[in-house]
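Raw contents of target07.cif, mmCIF, C-alpha atoms:
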data_data
#
loop_
_atom_site.label_atom_id
_atom_site.label_comp_id
_atom_site.auth_asym_id
_atom_site.auth_seq_id
_atom_site.Cartn_x
_atom_site.Cartn_y
_atom_site.Cartn_z
CA MET A 1 -82.49 0.90 -20.53
CA HIS A 2 -84.22 4.11 -21.45
CA THR A 3 -87.54 3.63 -23.29
CA ALA A 4 -86.48 5.78 -26.24
CA LEU A 5 -83.32 3.73 -26.61
CA ARG A 6 -85.35 0.51 -26.77
CA TYR A 7 -87.51 1.93 -29.57
CA LEU A 8 -84.44 3.19 -31.39
CA LEU A 9 -82.72 -0.18 -31.11
CA THR A 10 -85.69 -2.26 -32.30
CA GLY A 11 -86.48 0.32 -35.01
CA VAL A 12 -82.97 0.28 -36.45
CA LEU A 13 -82.82 -3.51 -36.22
CA GLY A 14 -86.24 -3.82 -37.85
CA LEU A 15 -85.21 -1.53 -40.71
CA ALA A 16 -81.99 -3.46 -41.26
CA VAL A 17 -83.85 -6.79 -41.25
CA GLY A 18 -86.59 -5.50 -43.59
CA VAL A 19 -84.25 -3.91 -46.13
CA GLY A 20 -81.85 -6.85 -45.89
CA ALA A 21 -84.68 -9.33 -46.49
CA ALA A 22 -85.85 -7.34 -49.53
CA VAL A 23 -82.33 -7.22 -51.01
CA GLN A 24 -81.88 -10.93 -50.35
CA SER A 25 -85.26 -11.83 -51.80
CA VAL A 26 -84.63 -9.80 -54.99
CA ARG A 27 -81.10 -11.14 -55.42
CA ALA A 28 -82.27 -14.73 -54.96
CA GLY A 29 -85.31 -14.29 -57.22
CA ALA A 30 -85.03 -15.81 -60.67
CA LEU A 31 -86.14 -13.69 -63.61
CA GLY A 32 -89.84 -14.23 -64.08
CA SER A 33 -90.09 -16.78 -61.33
CA ASN A 34 -93.85 -16.61 -61.20
CA ILE A 35 -94.59 -19.18 -63.93
CA GLN A 36 -92.65 -22.44 -64.20
CA ILE A 37 -92.64 -24.65 -67.33
CA GLY A 38 -90.25 -27.53 -66.68
CA PRO A 39 -86.84 -25.91 -66.10
CA TRP A 40 -87.99 -22.63 -67.67
CA SER A 41 -89.38 -19.77 -65.63
CA THR A 42 -91.19 -16.75 -67.01
CA GLY A 43 -93.64 -13.98 -66.23
CA LEU A 44 -96.25 -12.17 -68.28
CA ASP A 45 -95.93 -8.77 -66.69
CA PHE A 46 -92.39 -7.61 -67.46
CA GLY A 47 -92.21 -3.91 -68.09
CA THR A 48 -95.85 -3.27 -67.30
CA ALA A 49 -97.47 -1.27 -64.55
CA ASP A 50 -99.23 -4.49 -63.44
CA ALA A 51 -96.00 -6.08 -62.23
CA SER A 52 -95.85 -6.72 -58.49
CA ALA A 53 -93.26 -4.84 -56.43
CA LYS A 54 -91.08 -7.94 -56.21
CA THR A 55 -91.38 -8.83 -59.93
CA ARG A 56 -90.58 -5.24 -60.81
CA ALA A 57 -87.52 -5.25 -58.53
CA VAL A 58 -86.26 -8.62 -59.85
CA VAL A 59 -86.76 -7.53 -63.47
CA ALA A 60 -84.97 -4.23 -62.75
CA LEU A 61 -82.04 -6.18 -61.33
CA ARG A 62 -81.91 -9.09 -63.78
CA GLY A 63 -83.62 -7.90 -66.94
CA LEU A 64 -83.81 -4.12 -66.96
CA LEU A 65 -85.53 -2.66 -70.04
CA ALA A 66 -87.26 -5.93 -70.82
CA LEU A 67 -90.01 -5.73 -73.42
CA PRO A 68 -93.69 -6.41 -72.66
CA ALA A 69 -95.21 -9.79 -73.50
CA LYS A 70 -96.76 -8.90 -76.86
CA GLU A 71 -93.34 -7.92 -78.21
CA ALA A 72 -91.16 -10.58 -76.67
CA ARG A 73 -91.38 -13.40 -74.15
CA TYR A 74 -88.42 -14.34 -72.00
CA TYR A 75 -87.89 -17.80 -70.55
CA THR A 76 -84.94 -18.37 -68.26
CA ALA A 77 -83.49 -21.67 -67.01
CA ALA A 78 -80.90 -22.05 -64.26
CA VAL A 79 -81.40 -25.83 -63.99
CA ASP A 80 -81.66 -28.77 -66.40
CA ASP A 81 -84.65 -31.11 -66.89
CA ALA A 82 -83.51 -33.09 -63.84
CA GLY A 83 -83.54 -29.96 -61.70
CA GLN A 84 -79.75 -29.81 -61.36
CA PRO A 85 -78.00 -26.41 -61.61
CA LEU A 86 -76.51 -25.69 -65.04
CA ASP A 87 -72.75 -26.24 -64.81
CA GLY A 88 -70.50 -24.70 -67.45
CA ARG A 89 -68.01 -27.53 -67.13
CA CYS A 90 -70.61 -30.03 -68.40
CA ARG A 91 -72.19 -30.75 -71.80
CA TYR A 92 -75.93 -30.24 -72.35
CA ARG A 93 -78.21 -30.90 -75.28
CA VAL A 94 -80.93 -28.31 -75.63
CA ALA A 95 -83.44 -29.66 -78.13
CA GLY A 96 -86.83 -28.65 -79.43
CA GLY A 97 -89.13 -28.19 -82.38
CA VAL A 98 -91.37 -25.37 -83.55
CA ILE A 99 -91.27 -22.37 -81.20
CA PRO A 100 -94.44 -20.27 -81.58
CA GLY A 101 -93.11 -16.87 -82.59
CA ARG A 102 -91.57 -14.90 -85.47
CA TRP A 103 -88.02 -15.49 -84.34
CA TRP A 104 -86.21 -16.81 -81.27
CA SER A 105 -82.76 -16.96 -79.76
CA LEU A 106 -81.05 -18.83 -76.93
CA THR A 107 -78.44 -16.85 -74.98
CA LEU A 108 -76.06 -17.98 -72.25
CA TYR A 109 -75.37 -15.72 -69.24
CA ASP A 110 -73.47 -15.95 -66.00
CA ARG A 111 -75.39 -15.69 -62.71
CA GLU A 112 -75.04 -11.89 -62.78
CA GLY A 113 -76.71 -11.71 -66.19
CA TYR A 114 -73.65 -10.92 -68.33
CA LEU A 115 -72.43 -12.69 -71.45
CA VAL A 116 -69.63 -15.20 -70.93
CA LYS A 117 -66.19 -14.94 -72.47
CA ASN A 118 -65.37 -17.84 -74.80
CA THR A 119 -62.87 -18.67 -77.49
CA ALA A 120 -65.48 -18.69 -80.30
CA ASN A 121 -66.88 -15.24 -79.40
CA ARG A 122 -70.33 -16.77 -79.64
CA PHE A 123 -72.95 -15.75 -77.11
CA SER A 124 -76.22 -16.99 -78.55
CA VAL A 125 -77.81 -19.19 -81.16
CA GLN A 126 -80.71 -17.84 -83.22
CA SER A 127 -83.58 -19.73 -84.81
CA SER A 128 -82.06 -18.99 -88.20
CA ASP A 129 -78.74 -20.60 -87.12
CA VAL A 130 -79.87 -23.89 -85.61
CA VAL A 131 -79.04 -27.18 -87.20
CA ARG A 132 -82.31 -28.91 -88.03
CA TYR A 133 -82.45 -32.66 -88.30
CA THR A 134 -84.78 -35.59 -88.78
CA PRO A 135 -84.96 -37.93 -85.79
CA GLY A 136 -83.39 -41.32 -86.58
CA VAL A 137 -81.58 -40.07 -89.69
CA ALA A 138 -77.84 -39.32 -89.60
CA ALA A 139 -76.67 -35.96 -90.97
CA ASP A 140 -74.50 -37.60 -93.66
CA ASP A 141 -77.09 -40.22 -94.71
CA GLN A 142 -77.98 -39.52 -98.37
CA SER A 143 -79.94 -42.72 -98.96
CA GLU A 144 -83.41 -42.78 -100.55
CA ARG A 145 -84.96 -43.57 -97.17
CA ALA A 146 -83.14 -40.71 -95.44
CA ARG A 147 -84.32 -38.23 -98.09
CA ALA A 148 -87.90 -39.49 -97.77
CA MET A 149 -87.78 -39.24 -93.98
CA ARG A 150 -86.45 -35.67 -94.20
CA ALA A 151 -89.28 -34.70 -96.56
CA ILE A 152 -91.90 -36.26 -94.27
CA PHE A 153 -90.61 -34.68 -91.06
CA ALA A 154 -89.54 -31.33 -92.51
CA ALA A 155 -92.52 -29.54 -90.95
CA GLU A 156 -91.51 -30.68 -87.47
CA GLN A 157 -88.34 -28.58 -87.54
CA ARG A 158 -86.50 -30.57 -84.89
CA TRP A 159 -83.30 -28.85 -83.79
CA ALA A 160 -80.59 -29.28 -81.18
CA ILE A 161 -78.03 -27.01 -79.59
CA GLN A 162 -74.99 -28.34 -77.78
CA VAL A 163 -74.26 -26.16 -74.74
CA ALA A 164 -70.73 -27.10 -73.72
CA PRO A 165 -67.27 -25.72 -72.91
CA THR A 166 -65.82 -27.27 -76.10
CA PRO A 167 -67.32 -27.65 -79.60
CA PRO A 168 -69.28 -30.82 -80.42
CA PRO A 169 -68.00 -33.24 -83.06
CA ALA A 170 -69.11 -32.34 -86.57
CA SER A 171 -71.39 -35.37 -86.68
CA ALA A 172 -73.36 -34.29 -83.59
CA GLN A 173 -76.15 -32.56 -85.58
CA ALA A 174 -76.04 -29.63 -83.20
CA SER A 175 -75.15 -25.96 -83.13
CA TRP A 176 -72.70 -25.00 -80.40
CA LEU A 177 -73.32 -22.52 -77.60
CA PRO A 178 -70.11 -22.19 -75.53
CA THR A 179 -70.26 -22.09 -71.70
CA GLY A 180 -66.74 -20.69 -71.28
CA GLY A 181 -66.25 -23.36 -68.60
CA ILE A 182 -67.82 -21.24 -65.82
CA GLU A 183 -69.25 -22.92 -62.76
CA ARG A 184 -72.87 -21.76 -63.02
CA PHE A 185 -74.74 -20.38 -66.00
CA GLU A 186 -78.28 -19.54 -67.07
CA LEU A 187 -80.02 -19.80 -70.42
CA THR A 188 -82.52 -17.25 -71.70
CA LEU A 189 -84.87 -18.15 -74.53
CA ARG A 190 -86.28 -15.03 -76.19
CA ILE A 191 -89.31 -15.41 -78.42
CA TYR A 192 -89.86 -12.26 -80.46
CA LEU A 193 -93.35 -11.42 -81.72
CA PRO A 194 -94.73 -14.47 -79.95
CA ALA A 195 -97.89 -16.21 -81.13
CA ASP A 196 -101.09 -15.11 -79.40
CA GLU A 197 -99.39 -11.73 -78.70
CA GLY A 198 -97.62 -13.40 -75.81
CA ARG A 199 -100.82 -13.86 -73.79
CA SER A 200 -100.20 -17.56 -73.18
CA ASN A 201 -97.18 -19.79 -72.79
CA PRO A 202 -96.19 -22.68 -75.03
CA PRO A 203 -97.08 -26.06 -73.45
CA HIS A 204 -94.27 -27.92 -71.69
CA ALA A 205 -93.90 -30.30 -74.66
CA MET A 206 -93.20 -27.35 -76.96
CA MET A 207 -90.46 -25.84 -74.77
CA PRO A 208 -86.89 -26.98 -75.42
CA SER A 209 -85.58 -29.82 -73.27
CA ILE A 210 -82.28 -29.40 -71.41
CA THR A 211 -80.47 -32.69 -70.96
CA LYS A 212 -77.09 -33.14 -69.33
CA GLU A 213 -74.92 -35.42 -71.46
CA GLY A 214 -71.81 -35.51 -69.29
CA CYS A 215 -69.13 -33.52 -67.47
CA MET B 1 -89.54 -8.09 -20.47
CA ARG B 2 -92.89 -6.32 -20.80
CA ARG B 3 -91.04 -3.08 -21.41
CA TRP B 4 -89.67 -4.61 -24.64
CA LEU B 5 -93.04 -5.74 -25.96
CA LEU B 6 -94.11 -2.49 -27.63
CA PRO B 7 -90.61 -1.66 -28.97
CA LEU B 8 -90.49 -5.16 -30.52
CA VAL B 9 -93.88 -4.69 -32.14
CA VAL B 10 -92.63 -1.37 -33.54
CA GLY B 11 -89.47 -3.15 -34.74
CA VAL B 12 -91.56 -5.73 -36.65
CA ILE B 13 -93.72 -3.00 -38.20
CA VAL B 14 -90.58 -1.10 -39.26
CA ALA B 15 -89.14 -4.33 -40.73
CA VAL B 16 -92.27 -4.93 -42.85
CA ALA B 17 -92.35 -1.27 -43.95
CA GLY B 18 -88.60 -1.36 -44.73
CA TYR B 19 -89.10 -4.50 -46.84
CA GLN B 20 -91.88 -2.90 -48.89
CA PHE B 21 -90.01 0.40 -49.19
CA ALA B 22 -86.82 -1.31 -50.41
CA LEU B 23 -88.78 -3.33 -53.00
CA ALA B 24 -90.55 -0.20 -54.23
CA ALA B 25 -87.33 1.85 -54.36
CA ALA B 26 -85.22 -0.77 -56.15
CA PRO B 27 -86.48 -0.15 -59.75
CA ARG B 28 -85.98 3.64 -59.49
CA LEU B 29 -82.48 3.22 -58.07
CA LEU B 30 -81.49 0.63 -60.67
CA MET B 31 -83.02 2.71 -63.47
CA ARG B 32 -81.12 5.77 -62.25
CA ALA B 33 -77.91 3.72 -62.31
CA ALA B 34 -78.70 2.46 -65.83
CA ILE B 35 -79.39 6.00 -67.07
CA ALA B 36 -76.04 7.09 -65.62
CA ARG B 37 -74.29 4.21 -67.44
CA VAL B 38 -75.93 4.58 -70.86
CA GLY B 39 -75.98 8.37 -70.49
CA GLN B 40 -72.23 8.70 -70.62
CA GLY B 41 -72.61 9.85 -74.22
CA GLY B 42 -74.89 12.65 -72.98
CA MET B 43 -78.58 13.02 -72.13
CA ASN B 44 -81.23 13.61 -74.79
CA ARG B 45 -79.13 12.27 -77.60
CA MET B 46 -79.04 8.91 -79.38
CA THR B 47 -76.00 6.75 -78.75
CA HIS B 48 -75.34 3.69 -80.89
CA GLY B 49 -73.80 0.81 -79.00
CA PRO B 50 -71.66 -1.95 -80.48
CA LEU B 51 -73.02 -5.50 -80.59
CA ALA B 52 -72.95 -6.92 -77.07
CA THR B 53 -70.07 -9.14 -76.01
CA ASP B 54 -68.81 -10.45 -72.68
CA ARG B 55 -67.33 -6.99 -72.05
CA ALA B 56 -70.77 -5.31 -72.12
CA ARG B 57 -71.74 -4.18 -68.63
CA ALA B 58 -74.16 -1.26 -69.23
CA ILE B 59 -77.30 -3.36 -68.81
CA VAL B 60 -77.93 -6.89 -67.59
CA ARG B 61 -78.93 -9.65 -70.01
CA PRO B 62 -78.08 -7.77 -73.19
CA SER B 63 -79.11 -9.64 -76.31
CA PRO B 64 -76.07 -10.31 -78.53
CA ASP B 65 -78.45 -10.63 -81.52
CA LEU B 66 -79.66 -7.07 -81.27
CA ALA B 67 -78.04 -3.75 -82.11
CA TYR B 68 -79.07 -1.30 -79.40
CA SER B 69 -79.30 2.46 -79.76
CA SER B 70 -80.29 4.31 -76.62
CA CYS B 71 -81.41 7.78 -75.68
CA PRO B 72 -81.40 8.48 -71.95
CA PHE B 73 -83.84 11.35 -71.68
CA ASP B 74 -84.55 14.10 -69.18
CA LEU B 75 -87.83 15.97 -69.59
CA SER B 76 -87.20 18.51 -66.82
CA GLY B 77 -86.20 21.09 -69.47
CA GLY B 78 -89.14 20.28 -71.79
CA PRO B 79 -90.29 17.55 -74.22
CA VAL B 80 -87.86 15.46 -76.25
CA ARG B 81 -88.35 14.30 -79.85
CA VAL B 82 -87.32 10.76 -80.83
CA GLN B 83 -87.06 9.77 -84.49
CA VAL B 84 -86.23 6.26 -85.62
CA ALA B 85 -85.21 5.48 -89.18
CA PRO B 86 -86.15 2.06 -90.69
CA ALA B 87 -83.28 -0.45 -90.70
CA PRO B 88 -82.57 -3.29 -93.15
CA SER B 89 -83.68 -6.03 -90.79
CA VAL B 90 -86.69 -8.31 -90.29
CA TYR B 91 -87.22 -6.81 -86.83
CA TRP B 92 -86.63 -3.43 -85.24
CA SER B 93 -88.49 -1.56 -82.54
CA LEU B 94 -88.56 1.51 -80.35
CA SER B 95 -89.47 1.18 -76.69
CA VAL B 96 -89.62 3.88 -74.03
CA PHE B 97 -89.14 3.10 -70.33
CA ASP B 98 -90.02 5.51 -67.54
CA SER B 99 -88.16 6.10 -64.28
CA ARG B 100 -89.96 3.13 -62.65
CA THR B 101 -88.92 0.80 -65.54
CA ASP B 102 -92.50 0.68 -66.87
CA THR B 103 -92.92 0.60 -70.65
CA ALA B 104 -94.51 3.87 -71.77
CA PHE B 105 -94.38 3.06 -75.49
CA VAL B 106 -93.38 0.24 -77.78
CA ARG B 107 -93.73 -0.07 -81.55
CA ASN B 108 -92.03 -2.48 -83.93
CA ASN B 109 -91.32 -2.23 -87.65
CA ALA B 110 -94.43 -4.17 -88.68
CA GLU B 111 -96.68 -1.91 -86.59
CA ALA B 112 -94.89 1.12 -88.03
CA GLY B 113 -95.52 -0.17 -91.57
CA GLN B 114 -91.74 -0.12 -92.19
CA GLN B 115 -91.96 3.68 -91.94
CA PRO B 116 -89.96 5.97 -89.62
CA ILE B 117 -91.22 6.44 -86.05
CA ASP B 118 -91.46 10.05 -84.88
CA ILE B 119 -92.71 10.74 -81.35
CA ILE B 120 -92.55 13.45 -78.70
CA LEU B 121 -91.82 12.41 -75.10
CA ALA B 122 -93.49 14.65 -72.54
CA ARG B 123 -94.60 14.55 -68.92
CA PRO B 124 -98.34 14.64 -68.19
CA GLY B 125 -99.47 18.24 -68.54
CA GLN B 126 -96.31 19.37 -70.31
CA ALA B 127 -97.03 21.37 -73.46
CA ALA B 128 -95.97 19.48 -76.59
CA ALA B 129 -95.97 20.29 -80.29
CA ALA B 130 -99.49 20.16 -81.72
CA GLY B 131 -100.20 17.64 -84.43
CA ARG B 132 -97.44 15.31 -83.37
CA GLU B 133 -97.69 11.91 -81.67
CA VAL B 134 -97.09 12.58 -77.98
CA VAL B 135 -96.10 9.85 -75.53
CA ARG B 136 -96.71 10.81 -71.90
CA VAL B 137 -94.07 9.55 -69.50
CA ASN B 138 -94.17 9.42 -65.69
CA GLY B 139 -91.12 11.01 -64.09
CA ASP B 140 -88.51 13.23 -65.74
CA ARG B 141 -86.01 10.60 -66.65
CA GLY B 142 -86.07 7.36 -68.58
CA ILE B 143 -84.58 5.55 -71.56
CA ALA B 144 -85.75 5.28 -75.19
CA LEU B 145 -84.29 2.14 -76.71
CA VAL B 146 -84.05 1.08 -80.36
CA ARG B 147 -83.50 -2.62 -80.97
CA ILE B 148 -82.53 -3.97 -84.39
CA LEU B 149 -82.18 -7.68 -85.07
CA VAL B 150 -78.81 -8.63 -86.53
CA GLN B 151 -79.29 -12.10 -88.00
CA ASP B 152 -75.83 -12.20 -89.47
CA ARG B 153 -72.99 -10.13 -88.02
CA SER B 154 -71.65 -9.51 -91.54
CA GLY B 155 -74.83 -7.47 -92.16
CA PHE B 156 -74.11 -5.20 -89.20
CA PRO B 157 -72.34 -2.37 -91.13
CA ALA B 158 -75.46 -1.72 -93.24
CA ILE B 159 -77.66 -1.76 -90.15
CA ASP B 160 -75.21 0.49 -88.31
CA ALA B 161 -75.28 3.03 -91.16
CA ALA B 162 -79.10 3.02 -91.23
CA ARG B 163 -79.55 3.46 -87.49
CA ARG B 164 -77.29 6.52 -87.41
CA ARG B 165 -80.12 8.40 -89.14
CA SER B 166 -82.16 7.98 -85.93
CA SER B 167 -82.09 10.84 -83.48
CA CYS B 168 -83.17 12.14 -80.11
CA ALA B 169 -83.16 15.83 -79.12
CA PRO B 170 -85.00 18.41 -77.02
CA ILE B 171 -87.59 20.37 -78.98
#
Using structure tokens, write down the structure from this file.
Amino acid sequence: MHTALRYLLTGVLGLAVGVGAAVQSVRAGALGSNIQIGPWSTGLDFGTADASAKTRAVVALRGLLALPAKEARYYTAAVDDAGQPLDGRCRYRVAGGVIPGRWWSLTLYDREGYLVKNTANRFSVQSSDVVRYTPGVAADDQSERARAMRAIFAAEQRWAIQVAPTPPPASAQASWLPTGGIERFELTLRIYLPADEGRSNPPHAMMPSITKEGC
Amino acid sequence: MRRWLLPLVVGVIVAVAGYQFALAAAPRLLMRAAIARVGQGGMNRMTHGPLATDRARAIVRPSPDLAYSSCPFDLSGGPVRVQVAPAPSVYWSLSVFDSRTDTAFVRNNAEAGQQPIDIILARPGQAAAAGREVVRVNGDRGIALVRILVQDRSGFPAIDAARRRSSCAPI
């Protein structure tokens, strides 16, 4: 084979492999995959000139026009606490307490990053919407003890969101975030005006847990 | 076999260079595509989008809690003025993204003291109106984005009316 042809062949193949690997690596990259807190992944450098080429490319694909850390922090989960992929045909309990920021919301997306069609036309749950509860006290318990427990634990602000294809029973002490029954979904927790101007992340214990309750 | 050694080395070098080039080019290409999508209402003018639903496809991971107004800008013909009117909400902000998706400017309602935001977008070296707040942006094109928190969808009409006083136009 002619020498020039050999160079042309390996050059074209090399270019295809390089570009293909980049596309594959960006498509497979989770949003903010550089810091992991339990099932949640995040990054501190969205929308800044400091972002690495790969972070920048992944953010452009999965979270274009994301705000910098001091304005909002984004935490995305594609798996539950057990590391299993989030399945829209199953029921999950996302539960937590105080989230360090002015306001937060939990939004459900498909793998491409779009909102999911559902019968309730509900796509997110905000901090102002969540059902707060006192651990060990039923929602309809109006006894003296229940009232005292609620007063004692009010500052803890425990809350739970049921992420499921169908609404939870009224007694479940949970807000509902519909999955639309899709096979794979992702959750994004946005914390607006985060504490510490977004310079640090909440500890694992402060991040919401994601527990599969059944399918 | 030895005749393939150098071509293979070149192939590997091209692969590494192609990988880096593709990563570096991705944000610009995706930003260009986003500008084309949100710019359907025209460049250098503010467009007010409806609250995001499952039918929203202009940008990925839209927040359904936020009302977005966007101004895809093009500074090739000169600076562009962006004015944002306060909205009846606990949170609103203006952010400006350049052609590489970097944030050139961001200010929220608390930082603005609940007052209007009035800035001039200009390229480095481009003459801009004296006495005004000038934000220098790399590249000709980008997107200025207003986000307003909608805590209750029944409050959206009031927010929608307020945000229509915001504007974006060449000087």
(request) Would you list the contacts of region 212-214 of chain A as a count of residues only, taking every protein, DNA or RNA residue within 6 Å and counting all atoms listed in the file, but skipping same-chain residues closer than 3 positions in sequence? (result) 3
(message) Could you tell me how far CA of Leu65 (chain A) sits from CA of Ser175 (chain A), in Å to one decimal place?
(response)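 Those two atoms sit 28.7 Å apart.
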(message) If the cut-off is 7 Å, can you tell me the residues of chain A near chain B, counting only C-alpha atoms? I'd like them as an MDAnalysis selection string.
(response) chainID A and resid 6:7 10:11 13:15 17:19 21:22 47:49 53:54 56:57 60:65 113:117 123:124
(request) For CA of Ala151 (chain A) and CA of Arg132 (chain A), quote the distance in Å rounded to one decimal. (result) 12.4 Å
The PyMOL selection byres ((chain B and resi 112-123) around 9) on the file shown: which residues, as a compact mmCIF listing (two decimals) with C-alpha atoms, in the coordinates of the input?
# COMPACT_ATOMS: atom_id res chain seq x y z
CA PHE B 73 -83.84 11.35 -71.68
CA LEU B 75 -87.83 15.97 -69.59
CA SER B 76 -87.20 18.51 -66.82
CA GLY B 78 -89.14 20.28 -71.79
CA PRO B 79 -90.29 17.55 -74.22
CA VAL B 80 -87.86 15.46 -76.25
CA ARG B 81 -88.35 14.30 -79.85
CA VAL B 82 -87.32 10.76 -80.83
CA GLN B 83 -87.06 9.77 -84.49
CA VAL B 84 -86.23 6.26 -85.62
CA ALA B 85 -85.21 5.48 -89.18
CA PRO B 86 -86.15 2.06 -90.69
CA ALA B 87 -83.28 -0.45 -90.70
CA SER B 93 -88.49 -1.56 -82.54
CA LEU B 94 -88.56 1.51 -80.35
CA VAL B 96 -89.62 3.88 -74.03
CA ARG B 107 -93.73 -0.07 -81.55
CA ASN B 108 -92.03 -2.48 -83.93
CA ASN B 109 -91.32 -2.23 -87.65
CA ALA B 110 -94.43 -4.17 -88.68
CA GLU B 111 -96.68 -1.91 -86.59
CA PRO B 124 -98.34 14.64 -68.19
CA GLY B 125 -99.47 18.24 -68.54
CA GLN B 126 -96.31 19.37 -70.31
CA ALA B 127 -97.03 21.37 -73.46
CA ALA B 128 -95.97 19.48 -76.59
CA ALA B 129 -95.97 20.29 -80.29
CA ARG B 132 -97.44 15.31 -83.37
CA GLU B 133 -97.69 11.91 -81.67
CA VAL B 134 -97.09 12.58 -77.98
CA VAL B 135 -96.10 9.85 -75.53
CA ARG B 136 -96.71 10.81 -71.90
CA VAL B 137 -94.07 9.55 -69.50
CA ASN B 138 -94.17 9.42 -65.69
CA GLY B 139 -91.12 11.01 -64.09
CA ASP B 140 -88.51 13.23 -65.74
CA SER B 166 -82.16 7.98 -85.93
CA ILE B 171 -87.59 20.37 -78.98
(request) Find the residue from B:Pro88, B:Gly77, B:Pro72, B:Pro157 that sits nearest to Met43 (chain B); use only C-alpha atoms when measuring. (result) B:Pro72
(message) One decimal, in Å: what's the spacing between CA of Gly101 (chain A) and CA of Arg73 (chain A)?
(response) 9.3 Å
(request) Could you check which of A:Thr55, A:Thr3, A:Asn118, A:Gln24 is closest to Pro165 (chain A), using all atoms listed in the file? (result)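 Comparing A:Thr55, A:Thr3, A:Asn118, A:Gln24 against Pro165 (chain A), the winner is A:Asn118.
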(message) Expand the PyMOL selection byres ((chain A and resi 178-181) around 7) into the explicit residue set it covers here, and present it as a VMD selection string.
(response) chain A and resid 88 to 89 116 to 118 122 163 to 166 176 to 177 182 to 183
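Among the candidate residues A:Arg190, A:Arg93, A:Arg111, A:Arg147, the one lying nearest to Ala69 (chain A) is A:Arg190, with distances computed using all atoms listed in the file.
Checking B:Arg32, B:His48, B:Arg37, B:Arg147 one by one against Asp160 (chain B), counting only C-alpha atoms, you find the shortest gap at B:His48.
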(request) Fewer than 3 positions away in the same chain doesn't count, so skip those; otherwise give me all residues within 7 Å of Leu187 (chain A), counting all atoms listed in the file, as a list in words. (result) Thr76, Ala77, Ala78, Leu106, Thr107, Leu108 and Tyr109 of chain A
Now that the selection is made, can you save its residues with C-alpha atoms as an mmCIF file, keeping the file's coordinate frame?
data_model
loop_
_atom_site.group_PDB
_atom_site.id
_atom_site.type_symbol
_atom_site.label_atom_id
_atom_site.label_comp_id
_atom_site.auth_asym_id
_atom_site.auth_seq_id
_atom_site.Cartn_x
_atom_site.Cartn_y
_atom_site.Cartn_z
ATOM 1 C CA THR A 76 -84.940 -18.370 -68.260
ATOM 2 C CA ALA A 77 -83.490 -21.670 -67.010
ATOM 3 C CA ALA A 78 -80.900 -22.050 -64.260
ATOM 4 C CA LEU A 106 -81.050 -18.830 -76.930
ATOM 5 C CA THR A 107 -78.440 -16.850 -74.980
ATOM 6 C CA LEU A 108 -76.060 -17.980 -72.250
ATOM 7 C CA TYR A 109 -75.370 -15.720 -69.240
#
(message) What's around Gly83 (chain A) at 12 Å? Count only C-alpha atoms, leave out sequence neighbours fewer than 2 positions away in its own chain, and write the answer as number ranges by chain.
(response) A: 37-40, 77-81, 85-87, 209-212
(request) May I have the residues at most 10 Å from (-96.0, -25.4, -70.0) in the file's coordinates, counting all atoms listed in the file, as a ChimeraX atom specification? (result) /A:35-41,200-207
(message) Please list as an MDAnalysis selection string every residue within 6 Å of Ala72 (chain A), counting all atoms listed in the file and excluding residues in the same chain fewer than 3 positions away.
(response) chainID A and resid 67 69 191:193
